[in-house]
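One file, input_4.tsv, is given below (TSV, C-alpha atoms).
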```tsv
chain	number	residue	atom	x	y	z
V	1	GLY	CA	119.67	103.10	131.80
V	2	ARG	CA	116.82	100.73	132.70
V	3	PRO	CA	114.23	99.44	130.22
V	4	LEU	CA	110.63	100.21	131.12
V	5	THR	CA	108.79	97.53	129.15
V	6	PHE	CA	109.47	94.46	127.05
V	7	THR	CA	106.82	93.13	124.64
V	8	LYS	CA	106.73	89.77	122.90
V	9	ASN	CA	104.10	88.40	120.50
V	10	ALA	CA	103.94	84.61	120.19
V	11	GLY	CA	101.65	82.27	118.25
V	12	ASP	CA	100.38	81.97	114.69
V	13	PRO	CA	99.85	85.29	112.85
V	14	LEU	CA	98.24	83.59	109.82
V	15	LEU	CA	94.65	84.71	109.22
V	16	ASP	CA	91.90	83.84	106.76
V	17	LEU	CA	89.27	86.56	106.77
V	18	ASN	CA	87.14	88.66	104.45
V	19	GLN	CA	85.14	91.83	104.56
V	20	PHE	CA	82.28	92.94	102.32
V	21	GLN	CA	81.49	96.64	101.90
V	22	LEU	CA	78.47	98.27	100.29
V	23	GLY	CA	78.00	101.85	99.24
V	24	SER	CA	74.99	103.15	97.31
V	25	PHE	CA	73.69	106.67	96.73
V	26	PHE	CA	70.95	108.71	95.11
V	27	GLN	CA	71.38	112.33	94.08
V	28	GLY	CA	69.19	114.84	92.32
V	29	ASP	CA	69.66	118.44	91.21
V	30	TRP	CA	66.72	120.84	91.07
V	31	LYS	CA	66.99	124.24	89.42
V	32	THR	CA	64.13	125.97	91.20
V	33	THR	CA	64.71	129.37	89.54
V	34	LYS	CA	67.15	130.84	87.09
V	35	ASN	CA	69.42	131.91	89.96
V	36	PHE	CA	68.93	129.11	92.49
V	37	ASN	CA	70.04	125.48	92.27
V	38	LEU	CA	69.32	122.86	94.94
V	39	SER	CA	71.09	119.51	95.21
V	40	MET	CA	69.88	116.71	97.47
V	41	GLY	CA	71.15	113.21	98.01
V	42	LEU	CA	71.17	110.16	100.22
V	43	ARG	CA	73.92	107.58	100.65
V	44	TYR	CA	73.83	104.25	102.45
V	45	GLU	CA	76.93	102.49	103.83
V	46	ALA	CA	77.21	98.98	105.25
V	47	GLN	CA	79.93	96.41	105.88
V	48	THR	CA	80.55	93.12	107.57
V	49	ASN	CA	82.67	92.76	110.75
V	50	VAL	CA	80.60	95.55	112.37
V	51	GLY	CA	77.06	95.08	113.60
V	52	ASP	CA	76.06	98.69	112.85
V	53	HIS	CA	74.01	98.85	109.62
V	54	ASN	CA	71.85	101.94	110.21
V	55	ASN	CA	74.14	104.23	108.22
V	56	PHE	CA	72.00	106.56	106.10
V	57	ASP	CA	73.81	109.74	105.05
V	58	PRO	CA	71.66	112.67	103.85
V	59	ARG	CA	73.28	115.46	101.80
V	60	VAL	CA	72.02	118.87	100.71
V	61	GLY	CA	73.71	121.69	98.80
V	62	PHE	CA	72.67	124.94	97.17
V	63	ALA	CA	73.99	127.67	94.90
V	64	TYR	CA	72.39	131.12	94.60
V	65	GLN	CA	73.53	133.77	92.17
V	66	PHE	CA	72.77	137.25	93.48
V	67	THR	CA	74.22	139.01	90.43
V	68	LYS	CA	76.35	138.05	87.46
V	69	THR	CA	79.45	138.60	89.62
V	70	LEU	CA	78.32	137.42	93.07
V	71	ALA	CA	77.29	133.89	94.12
V	72	LEU	CA	76.65	132.10	97.40
V	73	ARG	CA	77.19	128.35	97.78
V	74	GLY	CA	76.74	126.03	100.72
V	75	GLY	CA	76.00	122.53	101.83
V	76	MET	CA	75.83	119.99	104.60
V	77	GLY	CA	76.20	116.24	104.60
V	78	VAL	CA	76.85	113.16	106.70
V	79	PHE	CA	79.76	110.92	105.71
V	80	HIS	CA	80.19	107.52	107.35
V	81	GLN	CA	83.61	105.94	107.55
V	82	ARG	CA	84.50	102.26	107.65
V	83	LEU	CA	86.29	99.89	109.97
V	84	ASP	CA	89.37	99.12	107.91
V	85	ILE	CA	90.13	95.44	107.40
V	86	GLY	CA	93.65	96.07	108.72
V	87	ASN	CA	92.14	97.00	112.09
V	88	VAL	CA	90.02	93.84	112.03
V	89	GLU	CA	93.21	91.83	111.45
V	90	GLN	CA	94.87	93.30	114.54
V	91	LEU	CA	91.82	92.52	116.68
V	92	LEU	CA	91.74	88.91	115.49
V	93	ARG	CA	95.50	88.28	115.73
V	94	LEU	CA	95.93	89.52	119.28
V	95	ASP	CA	92.85	87.79	120.70
V	96	GLY	CA	94.93	85.70	123.13
V	97	THR	CA	94.28	82.50	121.15
V	98	ARG	CA	95.83	83.01	117.74
V	99	GLN	CA	98.62	85.13	119.17
V	100	GLN	CA	99.60	85.89	122.74
V	101	GLN	CA	101.14	89.21	123.71
V	102	PHE	CA	103.29	89.35	126.85
V	103	VAL	CA	104.22	92.74	128.28
V	104	ILE	CA	106.87	92.73	131.03
V	105	ARG	CA	107.16	95.87	133.15
V	106	PHE	CA	110.67	96.80	134.32
V	107	PRO	CA	112.31	93.76	132.66
V	108	SER	CA	115.82	92.60	133.47
V	109	PHE	CA	118.50	93.24	130.87
V	110	PRO	CA	119.76	91.77	128.59
V	111	ASP	CA	117.47	88.77	129.19
V	112	PRO	CA	113.96	89.95	130.17
V	113	PHE	CA	112.88	86.40	131.08
V	114	LEU	CA	115.33	86.12	133.99
V	115	ASN	CA	115.14	87.51	137.50
V	116	SER	CA	117.97	89.59	138.89
V	117	ASN	CA	119.37	86.44	140.58
V	118	GLY	CA	119.45	84.53	137.28
V	119	SER	CA	116.37	82.36	137.88
V	120	VAL	CA	113.65	82.11	135.22
V	121	ALA	CA	110.90	84.72	135.72
V	122	PRO	CA	107.27	83.65	135.21
V	123	LEU	CA	105.53	85.08	132.20
V	124	PRO	CA	102.96	87.80	132.93
V	125	PRO	CA	99.28	87.29	131.98
V	126	THR	CA	98.46	87.59	128.27
V	127	SER	CA	97.50	91.00	126.91
V	128	ILE	CA	94.71	91.04	124.32
V	129	ARG	CA	92.69	93.31	122.05
V	130	VAL	CA	88.90	93.17	122.01
V	131	MET	CA	86.03	94.93	120.27
V	132	ALA	CA	83.64	96.90	122.48
V	133	PRO	CA	80.05	95.67	122.59
V	134	GLY	CA	77.85	97.78	120.35
V	135	LEU	CA	80.75	99.14	118.25
V	136	VAL	CA	79.43	101.47	115.52
V	137	THR	CA	80.99	103.07	112.46
V	138	PRO	CA	82.21	106.68	112.78
V	139	TYR	CA	80.79	109.52	110.75
V	140	ASN	CA	81.52	113.16	109.98
V	141	VAL	CA	79.04	115.98	109.60
V	142	ASN	CA	80.56	118.34	107.03
V	143	SER	CA	79.22	121.89	106.56
V	144	SER	CA	80.44	124.66	104.29
V	145	VAL	CA	79.45	128.12	103.03
V	146	SER	CA	81.31	130.20	100.44
V	147	LEU	CA	80.82	133.62	98.87
V	148	GLU	CA	82.37	134.09	95.41
V	149	LYS	CA	82.90	137.49	93.82
V	150	SER	CA	84.16	138.20	90.30
V	151	LEU	CA	86.01	141.48	89.71
V	152	PRO	CA	87.23	143.20	86.53
V	153	LYS	CA	90.40	142.03	84.73
V	154	GLY	CA	89.71	138.35	85.43
V	155	ILE	CA	90.07	138.64	89.21
V	156	GLY	CA	88.02	136.41	91.52
V	157	LEU	CA	87.73	136.41	95.30
V	158	THR	CA	86.35	133.65	97.52
V	159	PHE	CA	85.46	133.78	101.20
V	160	SER	CA	84.56	130.42	102.72
V	161	TRP	CA	83.92	128.62	106.00
V	162	ASP	CA	83.89	124.88	106.45
V	163	SER	CA	83.31	122.77	109.52
V	164	ILE	CA	83.77	119.09	110.35
V	165	ARG	CA	82.18	117.38	113.34
V	166	GLY	CA	83.42	113.82	113.86
V	167	VAL	CA	81.31	111.48	115.99
V	168	HIS	CA	81.86	107.89	117.21
V	169	LEU	CA	85.52	107.96	116.16
V	170	TYR	CA	87.63	104.93	116.94
V	171	ARG	CA	90.02	104.83	119.89
V	172	SER	CA	91.22	102.20	122.34
V	173	ARG	CA	91.16	102.03	126.14
V	174	ASN	CA	92.85	99.58	128.46
V	175	ILE	CA	89.87	98.38	130.51
V	176	ASN	CA	92.19	96.31	132.73
V	177	ALA	CA	94.66	99.11	133.48
V	178	PRO	CA	95.79	99.41	137.12
V	179	LEU	CA	93.34	101.38	139.23
V	180	PRO	CA	94.40	104.98	139.93
V	181	GLY	CA	96.65	105.23	142.96
V	182	LEU	CA	96.67	101.45	143.58
V	183	LEU	CA	98.76	100.02	140.69
V	184	THR	CA	96.63	96.85	140.88
V	185	ARG	CA	94.54	95.59	137.96
V	186	PRO	CA	90.79	94.98	138.27
V	187	ASP	CA	91.47	91.43	137.02
V	188	PRO	CA	95.00	90.33	138.06
V	189	ALA	CA	94.63	87.13	136.02
V	190	GLN	CA	94.72	89.16	132.79
V	191	GLY	CA	97.21	91.56	131.29
V	192	ASN	CA	96.27	94.60	129.24
V	193	VAL	CA	92.82	94.39	127.67
V	194	ASN	CA	92.86	97.07	124.98
V	195	GLN	CA	89.26	97.57	123.91
V	196	LEU	CA	88.45	99.23	120.57
V	197	GLU	CA	85.65	101.74	121.16
V	198	SER	CA	83.71	104.21	119.02
V	199	THR	CA	83.56	107.06	121.52
V	200	GLY	CA	85.98	109.63	120.06
V	201	LEU	CA	85.10	113.16	118.95
V	202	TYR	CA	86.56	115.70	116.52
V	203	ARG	CA	85.77	119.36	115.82
V	204	SER	CA	87.31	121.66	113.24
V	205	ASN	CA	86.57	125.06	111.71
V	206	ASN	CA	88.43	126.59	108.78
V	207	TYR	CA	88.14	130.12	107.38
V	208	THR	CA	89.62	130.69	103.91
V	209	ILE	CA	90.26	133.70	101.71
V	210	GLY	CA	91.05	132.82	98.09
V	211	PHE	CA	92.29	134.89	95.16
V	212	ARG	CA	92.64	134.05	91.49
V	213	GLN	CA	93.34	135.97	88.30
V	214	THR	CA	93.16	134.72	84.74
V	215	MET	CA	94.94	136.81	82.11
V	216	ARG	CA	93.56	136.16	78.65
V	217	ASN	CA	96.70	136.46	76.59
V	218	LYS	CA	98.89	134.17	74.53
V	219	TRP	CA	100.22	132.59	77.73
V	220	ASN	CA	96.82	131.95	79.37
V	221	LEU	CA	98.42	132.98	82.65
V	222	ASN	CA	96.64	131.98	85.88
V	223	VAL	CA	97.67	133.29	89.30
V	224	PHE	CA	96.03	131.95	92.45
V	225	ALA	CA	96.52	132.06	96.23
V	226	ASN	CA	94.59	131.26	99.38
V	227	TYR	CA	95.05	131.59	103.11
V	228	THR	CA	93.28	129.42	105.69
V	229	LEU	CA	92.93	129.98	109.42
V	230	GLY	CA	92.07	126.62	110.97
V	231	PHE	CA	91.21	125.17	114.37
V	232	GLY	CA	90.94	121.44	115.11
V	233	ARG	CA	90.46	119.54	118.37
V	234	ASN	CA	89.91	115.86	119.15
V	235	ASP	CA	90.38	113.18	121.79
V	236	THR	CA	91.77	110.31	119.69
V	237	ASP	CA	94.81	109.71	117.51
V	238	GLY	CA	93.53	106.56	115.82
V	239	PRO	CA	91.83	103.20	116.38
V	240	PHE	CA	94.58	101.76	118.61
V	241	SER	CA	95.79	104.95	120.28
V	242	LEU	CA	95.65	104.76	124.08
V	243	PRO	CA	94.90	107.60	126.51
V	244	ALA	CA	97.37	108.77	129.12
V	245	ASN	CA	94.75	107.97	131.77
V	246	ASN	CA	92.39	105.10	130.94
V	247	TYR	CA	89.98	106.27	133.67
V	248	ASP	CA	89.78	109.91	132.56
V	249	LEU	CA	89.18	110.21	128.82
V	250	ARG	CA	88.18	113.87	129.17
V	251	SER	CA	91.85	114.77	129.61
V	252	GLU	CA	92.49	113.64	126.00
V	253	TRP	CA	90.51	116.54	124.53
V	254	GLY	CA	92.89	119.05	122.99
V	255	ARG	CA	94.49	120.25	119.77
V	256	SER	CA	94.39	117.61	117.06
V	257	GLY	CA	97.59	116.19	115.64
V	258	GLN	CA	96.35	117.50	112.26
V	259	ASP	CA	95.66	120.98	113.61
V	260	LEU	CA	97.42	123.53	111.39
V	261	ARG	CA	96.64	127.07	112.52
V	262	HIS	CA	97.86	128.85	109.37
V	263	ARG	CA	98.03	127.55	105.81
V	264	PHE	CA	99.09	129.53	102.75
V	265	PHE	CA	99.12	128.28	99.17
V	266	THR	CA	99.96	130.20	96.01
V	267	GLY	CA	100.91	129.30	92.48
V	268	VAL	CA	101.12	130.21	88.81
V	269	ASN	CA	100.40	128.19	85.70
V	270	PHE	CA	100.65	129.16	82.06
V	271	ARG	CA	100.90	127.59	78.64
V	272	MET	CA	103.90	127.94	76.32
V	273	PRO	CA	104.12	127.16	72.62
V	274	TRP	CA	103.94	123.53	71.44
V	275	GLN	CA	101.27	122.79	74.08
V	276	ILE	CA	103.77	122.91	76.95
V	277	SER	CA	102.23	123.72	80.35
V	278	VAL	CA	104.27	125.21	83.20
V	279	ASN	CA	103.11	125.03	86.82
V	280	THR	CA	104.73	126.25	89.99
V	281	ASN	CA	103.41	126.63	93.52
V	282	VAL	CA	104.46	127.42	97.08
V	283	ASN	CA	102.83	125.80	100.11
V	284	ALA	CA	103.56	127.08	103.62
V	285	THR	CA	102.02	126.05	106.94
V	286	SER	CA	102.53	126.70	110.62
V	287	ASN	CA	103.71	123.81	112.78
V	288	ARG	CA	101.50	121.02	114.06
V	289	ALA	CA	100.47	120.66	117.67
V	290	TYR	CA	102.71	118.55	119.92
V	291	ASN	CA	102.26	116.46	123.04
V	292	ILE	CA	104.25	116.65	126.28
V	293	THR	CA	105.03	113.34	128.01
V	294	THR	CA	107.28	112.41	130.91
V	295	GLY	CA	108.84	109.34	129.30
V	296	PHE	CA	107.83	107.19	132.28
V	297	ASP	CA	105.03	104.80	133.20
V	298	GLU	CA	103.81	106.13	136.53
V	299	ASN	CA	100.32	104.56	136.39
V	300	GLY	CA	101.48	101.04	135.53
V	301	ASP	CA	99.47	100.59	132.33
V	302	THR	CA	102.70	99.74	130.36
V	303	SER	CA	102.09	102.67	127.95
V	304	ILE	CA	104.85	105.25	127.96
V	305	ASN	CA	102.54	108.21	127.34
V	306	ASP	CA	102.10	109.72	130.82
V	307	ARG	CA	101.83	113.49	130.92
V	308	PRO	CA	103.20	115.84	133.58
V	309	SER	CA	100.79	116.72	136.37
V	310	GLY	CA	98.38	119.43	135.31
```

Please express the file's structure as structure tokens.
Amino acid sequence: GRPLTFTKNAGDPLLDLNQFQLGSFFQGDWKTTKNFNLSMGLRYEAQTNVGDHNNFDPRVGFAYQFTKTLALRGGMGVFHQRLDIGNVEQLLRLDGTRQQQFVIRFPSFPDPFLNSNGSVAPLPPTSIRVMAPGLVTPYNVNSSVSLEKSLPKGIGLTFSWDSIRGVHLYRSRNINAPLPGLLTRPDPAQGNVNQLESTGLYRSNNYTIGFRQTMRNKWNLNVFANYTLGFGRNDTDGPFSLPANNYDLRSEWGRSGQDLRHRFFTGVNFRMPWQISVNTNVNATSNRAYNITTGFDENGDTSINDRPSG
């Protein structure tokens, strides 16, 4: 029955900003033998609003045909992401000058600006958002290998593995959060200082079995299905997501919010007279991972994301 926090943004939200983005790439395919094909490439990414411009992304892929019915494919590449202009807008708006954010802990109700005796309560220090020094752009290292086998009667099987390793992912941290066990801020003259950092990590591995069958008849019937067993872990939920403990980021490592352990997809498509195509599919997945929070703010950082002990 008591509110935990009250937040108010004041000031001018109007912005005038721009962002320029550049992406260029080179790619070449080399058929070394009749059965082996090699693909190599290089991409370069750059943008304004981030000082990191050393973003060269090599790529390599191959395909080898063992027999007429068996082929092996694989590849690896680096893929840089970008700092979205919407995130730049939030950093500029809540810089403490254009807009001021006031966060009141345990406010009175219904008027959070009054004390319990009815007198006017002083406003808390302004909370701001800042960009970490040396912020870089995130990138993923994607790897994949697949084995494809063709069987009689138009049947094809695929066994594949793919991996994603995310590095320098964006996340925020309140660098002026109350010190553990003291509930006092390092700088009492300031409120929350949510700093955007590029220190997040992501790991995923997916194993897929695929099936397809094409029936060469008047219907051109195609039946397909695949099952994927996946595992994904990370320590960030986005650029402005905050940890439960700003002084222990290791405790954020766990199942990703996009972690789906089991995925199954199947479908049928065929062609009827008068060039009419019919498609139907079924997609089933297991549930996503969830988080357990107490619903309270025990550490005084004004974020209601504390977890139970342990």

- Item | For Val60 of chain V, the nearest of the candidates V:His80, V:Leu72, V:Gln27, V:Gln47, counting only C-alpha atoms |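 Closest to Val60 of chain V of all the choices is V:Gln27.
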
- Item | Given only C-alpha atoms as the counted atoms, nearest of V:Arg261, V:His168, V:Arg93, V:Lys68 to Pro138 of chain V |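 Selected residue with least distance to Pro138 of chain V: V:His168.
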
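Going from atom CA of Asp16 of chain V over to atom CA of Phe102 of chain V, you cover 23.7 Å.
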
- Measuring atom to atom with all atoms listed in the file, identify which of V:Trp219, V:Gly181, V:Gly134, V:Asn117 is nearest to Trp274 of chain V. V:Trp219

- Message: Just the number, please: distance in Å from atom CA of Gln100 of chain V to atom CA of Asp12 of chain V, one decimal.
- Response: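 For atom CA of Gln100 of chain V relative to atom CA of Asp12 of chain V, the distance reads 9.0 Å.
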
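If you look at atom CA of Glu148 of chain V and atom CA of Gly166 of chain V, they are 27.4 Å away from each other.
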
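When only C-alpha atoms are used to compute distances to Ala10 of chain V, the closest of the residues V:Pro273, V:Gly96, V:Pro110, V:Gly156 turns out to be V:Gly96.
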
Spatial neighbours of Leu123 of chain V, max dist 8 Å, all atoms listed in the file, sep filter under 2 positions, as a PDB file with C-alpha atoms, in the frame of the given file:
```
ATOM      1  CA  PHE V 102     103.290  89.350 126.850  1.00  0.00           C
ATOM      2  CA  ILE V 104     106.870  92.730 131.030  1.00  0.00           C
ATOM      3  CA  PHE V 113     112.880  86.400 131.080  1.00  0.00           C
ATOM      4  CA  ALA V 121     110.900  84.720 135.720  1.00  0.00           C
ATOM      5  CA  PRO V 125      99.280  87.290 131.980  1.00  0.00           C
TER       6      PRO V 125
END
```

Closest pair table for segment 185-228 of chain V residues within 12 Å of segment 277-286 of chain V, all atoms listed in the file, as CSV:
```
residue,atom,partner,partner_atom,distance
V:Trp219,CA,V:Ser277,CA,9.5
V:Asn220,CA,V:Ser277,CA,9.9
V:Leu221,CA,V:Val278,CA,9.7
V:Asn222,CA,V:Asn279,CA,9.5
V:Val223,CA,V:Asn281,CA,9.8
V:Phe224,CA,V:Asn281,CA,9.2
V:Ala225,CA,V:Asn281,CA,9.2
V:Asn226,CA,V:Asn283,CA,9.9
V:Tyr227,CA,V:Ala284,CA,9.6
V:Thr228,CA,V:Thr285,CA,9.5
```

Restricting the output to C-alpha atoms, write the selected residues as an mmCIF file, in the frame of the given file.
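out11.cif written:
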```cif
data_model
loop_
_atom_site.group_PDB
_atom_site.id
_atom_site.type_symbol
_atom_site.label_atom_id
_atom_site.label_comp_id
_atom_site.auth_asym_id
_atom_site.auth_seq_id
_atom_site.Cartn_x
_atom_site.Cartn_y
_atom_site.Cartn_z
ATOM 1 C CA TRP V 219 100.220 132.590 77.730
ATOM 2 C CA ASN V 220 96.820 131.950 79.370
ATOM 3 C CA LEU V 221 98.420 132.980 82.650
ATOM 4 C CA ASN V 222 96.640 131.980 85.880
ATOM 5 C CA VAL V 223 97.670 133.290 89.300
ATOM 6 C CA PHE V 224 96.030 131.950 92.450
ATOM 7 C CA ALA V 225 96.520 132.060 96.230
ATOM 8 C CA ASN V 226 94.590 131.260 99.380
ATOM 9 C CA TYR V 227 95.050 131.590 103.110
ATOM 10 C CA THR V 228 93.280 129.420 105.690
#
```

- V:Arg171, V:Arg59, V:Arg98, V:Lys153: which is nearest Leu42 of chain V, counting only C-alpha atoms? V:Arg59

Given all atoms listed in the file, how would the per-residue table for segment 128-236 of chain V near segment 291-306 of chain V read, listing every residue at most 7 Å away with its closest atom pair and distance in Å to one decimal, sorted by chain and number, as a tab-separated table?
```
residue	atom	partner	partner_atom	distance
V:Ala177	CA	V:Asp301	CA	5.2
V:Pro178	CA	V:Gly300	CA	6.1
V:Pro180	CA	V:Asn299	CA	6.9
V:Leu183	CA	V:Gly300	CA	5.9
```

- Item | Minimum-distance residue to Arg233 of chain V, chosen among V:Ala189, V:Val120, V:Ala289, V:Ile85 (using only C-alpha atoms) |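 Under the stated criterion, the closest residue is V:Ala289.
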
- Message: Show me, as a PyMOL selection string, the residues that have an atom within 12 Å of Thr33 of chain V when counting all atoms listed in the file, minus same-chain residues fewer than 6 positions from it.
- Response: chain V and resi 62-66

- Message: Show me, as a list of chain:residue names, the residues that have an atom within 12 Å of Pro124 of chain V when counting only C-alpha atoms, minus same-chain residues fewer than 3 positions from it.
- Response: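 Within the cut-off, the hits are V:Thr5, V:Phe6, V:Thr7, V:Lys8, V:Gln100, V:Gln101, V:Phe102, V:Val103, V:Ile104, V:Arg105, V:Phe106, V:Pro107, V:Pro112, V:Phe113, V:Ala121, V:Ser127, V:Pro188, V:Ala189, V:Gln190, V:Gly191, V:Asn192.
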
- Residues within 9 Å of (102.1, 117.0, 111.6), counting all atoms listed in the file, listed as a VMD selection string: chain V and resid 257 to 260 287 to 290

- For segment 162-165 of chain V, work out the shell of residues within 8 Å, counting all atoms listed in the file and skipping chain neighbours fewer than 5 positions away, then give it as a PyMOL selection string. chain V and resi 140-145+201-207
